[in-house]
Every structure is written in C-alpha cells, then in structure tokens.
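The next block holds one structure in the form of structure tokens; read it before the comments.
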Amino acid sequence: MASTGPADGTAWFRWPEGGGRLQLWPQKAAFDPDAGLLLVADAHLGKAVSFRRLGVPVPEATTDEALGRLDALIAATGARGIVFLGDLLHSARAHAAGTMAALRAWRRRHAALDLTLVRGNHDQHAGDPPDALDMRVVDGPLRIGPWALQHQPGPVAGAFALAGHVHPCVVLGGRGGDRLRLPCFHFGKDGGVLPAFGPFTGMHALPRAAGDRLYAVADGIAPQVIALPAASSVA
C-alpha cells in the first residue's frame, strides 16, 4: 500500500476470530490487504441517467465521479482486484451509450485488474455487465479468506459476512436537537455492511445492537473514517 494510518483518513476493522482485517476508506470502500482486494458495495452506476430518462432532474457526471474515486483507491492501495458487492448498475437504462463508454474506458485503464460482481437485486433487472468489461459474475455468498461476500446482509456459517444493499448510515445528535446523518460501515458480531459507494444514493440507519462497531464517513476538506465509541449519541 502506498500509505496507511490516519494521514490517509482511513480506519481499521479487525475480525479476531478469523484473522481478517479491513482498511476502511473515506471513499466508502474497504480494502483487504492480505487478499489485495477492494470491496465496493452499491455503486449504482447509471442511476442518474436512469432517472433523467424518466424526466427526473438529477445531477450529471455521477458515473465519472464514481470511477474517479475507484481510480484513486486503486492507486492508493495497489489493489490487484475489486469485488463489487451487488448493484453495480442501477437499471437496464444504465446501459446508455455514454455510461458504457465511460466504463469501457475505465476498464482499459485497469486491464490487469481482476473484477468480480456478486449479483444484487438491481443487477437482476439491469442484467450482467457487458463482456467488454471482462468481469466475473457470481451469485453470493462468495467465500474469500475469512469473508463471505454477498449483497443482502445475513449470517453465513463459518465466515464473517460482508454485504451492502441497505446503504447504512449513522445519525449523530448534538445540542439543540441537531441531527447529522453520515454514511457508515456497520459491523456486528457475525457480519458487516458497507456504505453505498454510489454518489447518488439514499441512506438507512440500521438498529445498533450491543457490541456493534460503527465507523462514520466524514466528508469535507480532509475526508476521514471515524471509529465511533459505544457511548456515542446514535439512533
């Protein structure tokens, strides 16, 4: 890896029972340094164009923004591969010429990268990625090291399950009744949920059980992942 520790805004999660560790990045992805893999959930590429084709005014260039963050993560981690934990494409409308051209150009820049998609619910409607992306497509759970990689959260015997789907966030309370919602990594006893990678997605606060570990993603001039203490004011 090019850099580690607080200077890059990352935090670390370790699963002692299985010896697994993940570097949590403020770009809303996790990196397994032992496997050389980036884990990315809910990219929802093409979501903006899908909405615009329905006449809904939404931001443009979200695909380029997402692919730019992937570029930065690959450069920073030296990743040898990426596993997408479902919902790579938002819908069949995401196969628009502009979106596909951007994806093909990105793939050419990273021709040596091993890409895998674990199908999610949106992938069932959008269809598998085009062959030009040279991406392996599987149904979960995909077992790699101590992890069971899947789209829908849920326990997997003998592994720590990592998923997406629900776009987790944490709700922080302040003085005067102020409330702030931040994307987060949410880890429980037997599994964890990654934040949605896509820049045009909603968020959902999951119930927090005793012993759960939350890592908030704080954006800004110096984005960072912040491990929240158990006593934090959360909802």
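Letters A, B, ... mark the chains of the structure tokens in the order given; residue numbers begin at 1 per chain; ligand numbers begin at 1, in order shown.
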List the neighbours of A:Arg208 out to 10 Å using only C-alpha atoms; skip same-chain residues closer than 4 positions along the sequence, and give me the result as a ChimeraX atom specification.
/A:170,186-188,212-214,230,234-235
Write a file of the just-selected residues containing N, CA and C atoms, as an mmCIF file, in the first residue's frame.
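The file below, part_23.cif, is the result:
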```
data_model
loop_
_atom_site.group_PDB
_atom_site.id
_atom_site.type_symbol
_atom_site.label_atom_id
_atom_site.label_comp_id
_atom_site.auth_asym_id
_atom_site.auth_seq_id
_atom_site.Cartn_x
_atom_site.Cartn_y
_atom_site.Cartn_z
ATOM 1 N N VAL A 170 -25.183 6.485 10.067
ATOM 2 C CA VAL A 170 -25.307 6.718 11.494
ATOM 3 C C VAL A 170 -25.903 8.103 11.682
ATOM 4 N N HIS A 186 -20.928 -0.583 9.159
ATOM 5 C CA HIS A 186 -21.621 -1.094 10.342
ATOM 6 C C HIS A 186 -21.261 -2.569 10.514
ATOM 7 N N PHE A 187 -20.531 -2.900 11.597
ATOM 8 C CA PHE A 187 -20.066 -4.260 11.832
ATOM 9 C C PHE A 187 -20.711 -4.815 13.095
ATOM 10 N N GLY A 188 -21.294 -5.996 12.946
ATOM 11 C CA GLY A 188 -21.841 -6.703 14.088
ATOM 12 C C GLY A 188 -20.987 -7.900 14.450
ATOM 13 N N ASP A 212 -21.923 -3.767 18.566
ATOM 14 C CA ASP A 212 -21.736 -3.354 17.169
ATOM 15 C C ASP A 212 -20.690 -2.247 17.095
ATOM 16 N N ARG A 213 -19.930 -2.247 16.023
ATOM 17 C CA ARG A 213 -18.888 -1.235 15.819
ATOM 18 C C ARG A 213 -19.236 -0.443 14.565
ATOM 19 N N LEU A 214 -19.326 0.870 14.722
ATOM 20 C CA LEU A 214 -19.672 1.758 13.633
ATOM 21 C C LEU A 214 -18.507 2.678 13.307
ATOM 22 N N ALA A 230 -18.803 3.368 21.752
ATOM 23 C CA ALA A 230 -20.104 2.793 22.093
ATOM 24 C C ALA A 230 -21.021 3.817 22.743
ATOM 25 N N VAL A 234 -26.300 7.971 19.200
ATOM 26 C CA VAL A 234 -26.727 7.458 17.904
ATOM 27 C C VAL A 234 -28.167 7.005 18.005
ATOM 28 N N ALA A 235 -28.814 6.950 16.818
ATOM 29 C CA ALA A 235 -30.195 6.500 16.777
ATOM 30 C C ALA A 235 -30.312 5.393 15.772
#
```
Could you name the residues that touch A:Phe31 at 10 Å or less, counting only C-alpha atoms, but leaving out those on the same chain fewer than 6 positions away, as number ranges by chain?
A: 12, 21-25, 37-40, 73-74, 77-79, 81-82
Residue selection dump (N, CA, C and O atoms) as an mmCIF file, in the first residue's frame:
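The resulting part.cif:
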```cif
data_model
loop_
_atom_site.group_PDB
_atom_site.id
_atom_site.type_symbol
_atom_site.label_atom_id
_atom_site.label_comp_id
_atom_site.auth_asym_id
_atom_site.auth_seq_id
_atom_site.Cartn_x
_atom_site.Cartn_y
_atom_site.Cartn_z
ATOM 1 N N TRP A 12 -9.198 1.079 10.658
ATOM 2 C CA TRP A 12 -9.043 -0.365 10.504
ATOM 3 C C TRP A 12 -10.107 -1.114 11.290
ATOM 4 O O TRP A 12 -10.438 -0.748 12.424
ATOM 5 N N ARG A 21 -8.752 -8.601 8.353
ATOM 6 C CA ARG A 21 -8.644 -7.165 8.621
ATOM 7 C C ARG A 21 -9.029 -6.397 7.368
ATOM 8 O O ARG A 21 -8.798 -6.835 6.242
ATOM 9 N N LEU A 22 -9.621 -5.237 7.592
ATOM 10 C CA LEU A 22 -10.060 -4.378 6.509
ATOM 11 C C LEU A 22 -9.622 -2.944 6.781
ATOM 12 O O LEU A 22 -9.787 -2.438 7.895
ATOM 13 N N GLN A 23 -9.102 -2.310 5.754
ATOM 14 C CA GLN A 23 -8.807 -0.882 5.827
ATOM 15 C C GLN A 23 -10.011 -0.151 5.237
ATOM 16 O O GLN A 23 -10.401 -0.381 4.086
ATOM 17 N N LEU A 24 -10.617 0.698 6.036
ATOM 18 C CA LEU A 24 -11.846 1.390 5.655
ATOM 19 C C LEU A 24 -11.498 2.772 5.111
ATOM 20 O O LEU A 24 -10.884 3.581 5.809
ATOM 21 N N TRP A 25 -11.896 3.023 3.892
ATOM 22 C CA TRP A 25 -11.503 4.254 3.211
ATOM 23 C C TRP A 25 -12.639 5.264 3.157
ATOM 24 O O TRP A 25 -13.808 4.876 3.021
ATOM 25 N N LEU A 37 -7.595 -7.018 -2.266
ATOM 26 C CA LEU A 37 -8.904 -6.777 -2.867
ATOM 27 C C LEU A 37 -9.579 -5.541 -2.298
ATOM 28 O O LEU A 37 -9.621 -5.335 -1.078
ATOM 29 N N LEU A 38 -10.131 -4.730 -3.194
ATOM 30 C CA LEU A 38 -11.060 -3.680 -2.813
ATOM 31 C C LEU A 38 -12.468 -4.257 -2.795
ATOM 32 O O LEU A 38 -12.848 -5.029 -3.685
ATOM 33 N N LEU A 39 -13.241 -3.891 -1.793
ATOM 34 C CA LEU A 39 -14.636 -4.308 -1.681
ATOM 35 C C LEU A 39 -15.514 -3.072 -1.808
ATOM 36 O O LEU A 39 -15.371 -2.111 -1.039
ATOM 37 N N VAL A 40 -16.406 -3.108 -2.783
ATOM 38 C CA VAL A 40 -17.228 -1.942 -3.120
ATOM 39 C C VAL A 40 -18.685 -2.387 -3.180
ATOM 40 O O VAL A 40 -19.022 -3.329 -3.911
ATOM 41 N N LEU A 73 -8.623 4.972 -5.339
ATOM 42 C CA LEU A 73 -8.470 3.850 -4.427
ATOM 43 C C LEU A 73 -7.473 2.825 -4.947
ATOM 44 O O LEU A 73 -6.656 2.294 -4.194
ATOM 45 N N ILE A 74 -7.535 2.555 -6.234
ATOM 46 C CA ILE A 74 -6.595 1.597 -6.830
ATOM 47 C C ILE A 74 -5.161 2.107 -6.688
ATOM 48 O O ILE A 74 -4.244 1.361 -6.335
ATOM 49 N N THR A 77 -4.078 1.964 -2.820
ATOM 50 C CA THR A 77 -3.968 0.660 -2.167
ATOM 51 C C THR A 77 -3.082 -0.322 -2.931
ATOM 52 O O THR A 77 -2.585 -1.297 -2.345
ATOM 53 N N GLY A 78 -2.910 -0.109 -4.231
ATOM 54 C CA GLY A 78 -2.227 -1.115 -5.043
ATOM 55 C C GLY A 78 -3.050 -2.375 -5.207
ATOM 56 O O GLY A 78 -2.506 -3.474 -5.378
ATOM 57 N N ALA A 79 -4.360 -2.237 -5.161
ATOM 58 C CA ALA A 79 -5.258 -3.398 -5.245
ATOM 59 C C ALA A 79 -5.018 -4.197 -6.523
ATOM 60 O O ALA A 79 -4.783 -3.633 -7.592
ATOM 61 N N GLY A 81 -7.405 -6.500 -7.337
ATOM 62 C CA GLY A 81 -8.742 -6.845 -7.803
ATOM 63 C C GLY A 81 -9.802 -6.062 -7.050
ATOM 64 O O GLY A 81 -9.528 -5.438 -6.014
ATOM 65 N N ILE A 82 -11.017 -6.083 -7.587
ATOM 66 C CA ILE A 82 -12.178 -5.458 -6.946
ATOM 67 C C ILE A 82 -13.316 -6.465 -6.944
ATOM 68 O O ILE A 82 -13.580 -7.118 -7.956
#
```
Straight-line distance linking atom CA of A:Gly9 with atom CA of A:Ala30, stated in Å to one decimal
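Straight-line distance from atom CA of A:Gly9 to atom CA of A:Ala30 works out to 12.5 Å.
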My list of candidates is A:Leu228, A:Asn121, A:Gly127, A:Leu133. Which is closest to A:Arg108 when distances are computed with only C-alpha atoms?
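Using only C-alpha atoms, the shortest distance to A:Arg108 belongs to A:Leu133.
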Residues within 10 Å of A:Pro223, only C-alpha atoms, excluding chain neighbours under 6 positions, as a list in words
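Everything that qualifies: Asp8, Gly9, Thr10, Trp25, Pro26, Gln27 and Val217 of chain A.
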Based on the selection just made, write N, CA and C atoms of those residues as a PDB file, in the first residue's frame.
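Output below, filename selection10.pdb:
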```pdb
ATOM      1  N   ASP A   8      -4.077   9.176   5.770  1.00  0.00           N
ATOM      2  CA  ASP A   8      -4.900   8.984   4.587  1.00  0.00           C
ATOM      3  C   ASP A   8      -6.389   8.954   4.920  1.00  0.00           C
ATOM      4  N   GLY A   9      -6.728   9.221   6.167  1.00  0.00           N
ATOM      5  CA  GLY A   9      -8.138   9.283   6.557  1.00  0.00           C
ATOM      6  C   GLY A   9      -8.785   7.933   6.771  1.00  0.00           C
ATOM      7  N   THR A  10      -8.002   6.855   6.788  1.00  0.00           N
ATOM      8  CA  THR A  10      -8.588   5.526   6.915  1.00  0.00           C
ATOM      9  C   THR A  10      -8.685   5.091   8.372  1.00  0.00           C
ATOM     10  N   TRP A  25     -11.896   3.023   3.892  1.00  0.00           N
ATOM     11  CA  TRP A  25     -11.503   4.254   3.211  1.00  0.00           C
ATOM     12  C   TRP A  25     -12.639   5.264   3.157  1.00  0.00           C
ATOM     13  N   PRO A  26     -12.322   6.560   3.258  1.00  0.00           N
ATOM     14  CA  PRO A  26     -13.373   7.587   3.209  1.00  0.00           C
ATOM     15  C   PRO A  26     -14.077   7.666   1.852  1.00  0.00           C
ATOM     16  N   GLN A  27     -13.515   7.023   0.831  1.00  0.00           N
ATOM     17  CA  GLN A  27     -14.212   6.932  -0.459  1.00  0.00           C
ATOM     18  C   GLN A  27     -15.343   5.908  -0.404  1.00  0.00           C
ATOM     19  N   VAL A 217     -18.270   7.927   7.983  1.00  0.00           N
ATOM     20  CA  VAL A 217     -17.512   8.526   6.892  1.00  0.00           C
ATOM     21  C   VAL A 217     -17.805  10.015   6.889  1.00  0.00           C
TER      22      VAL A 217
END
```
With distances taken over only C-alpha atoms, which residue among A:Asp178, A:Ala96, A:Asp190, A:Cys169 lies nearest A:Val156?
A:Asp190
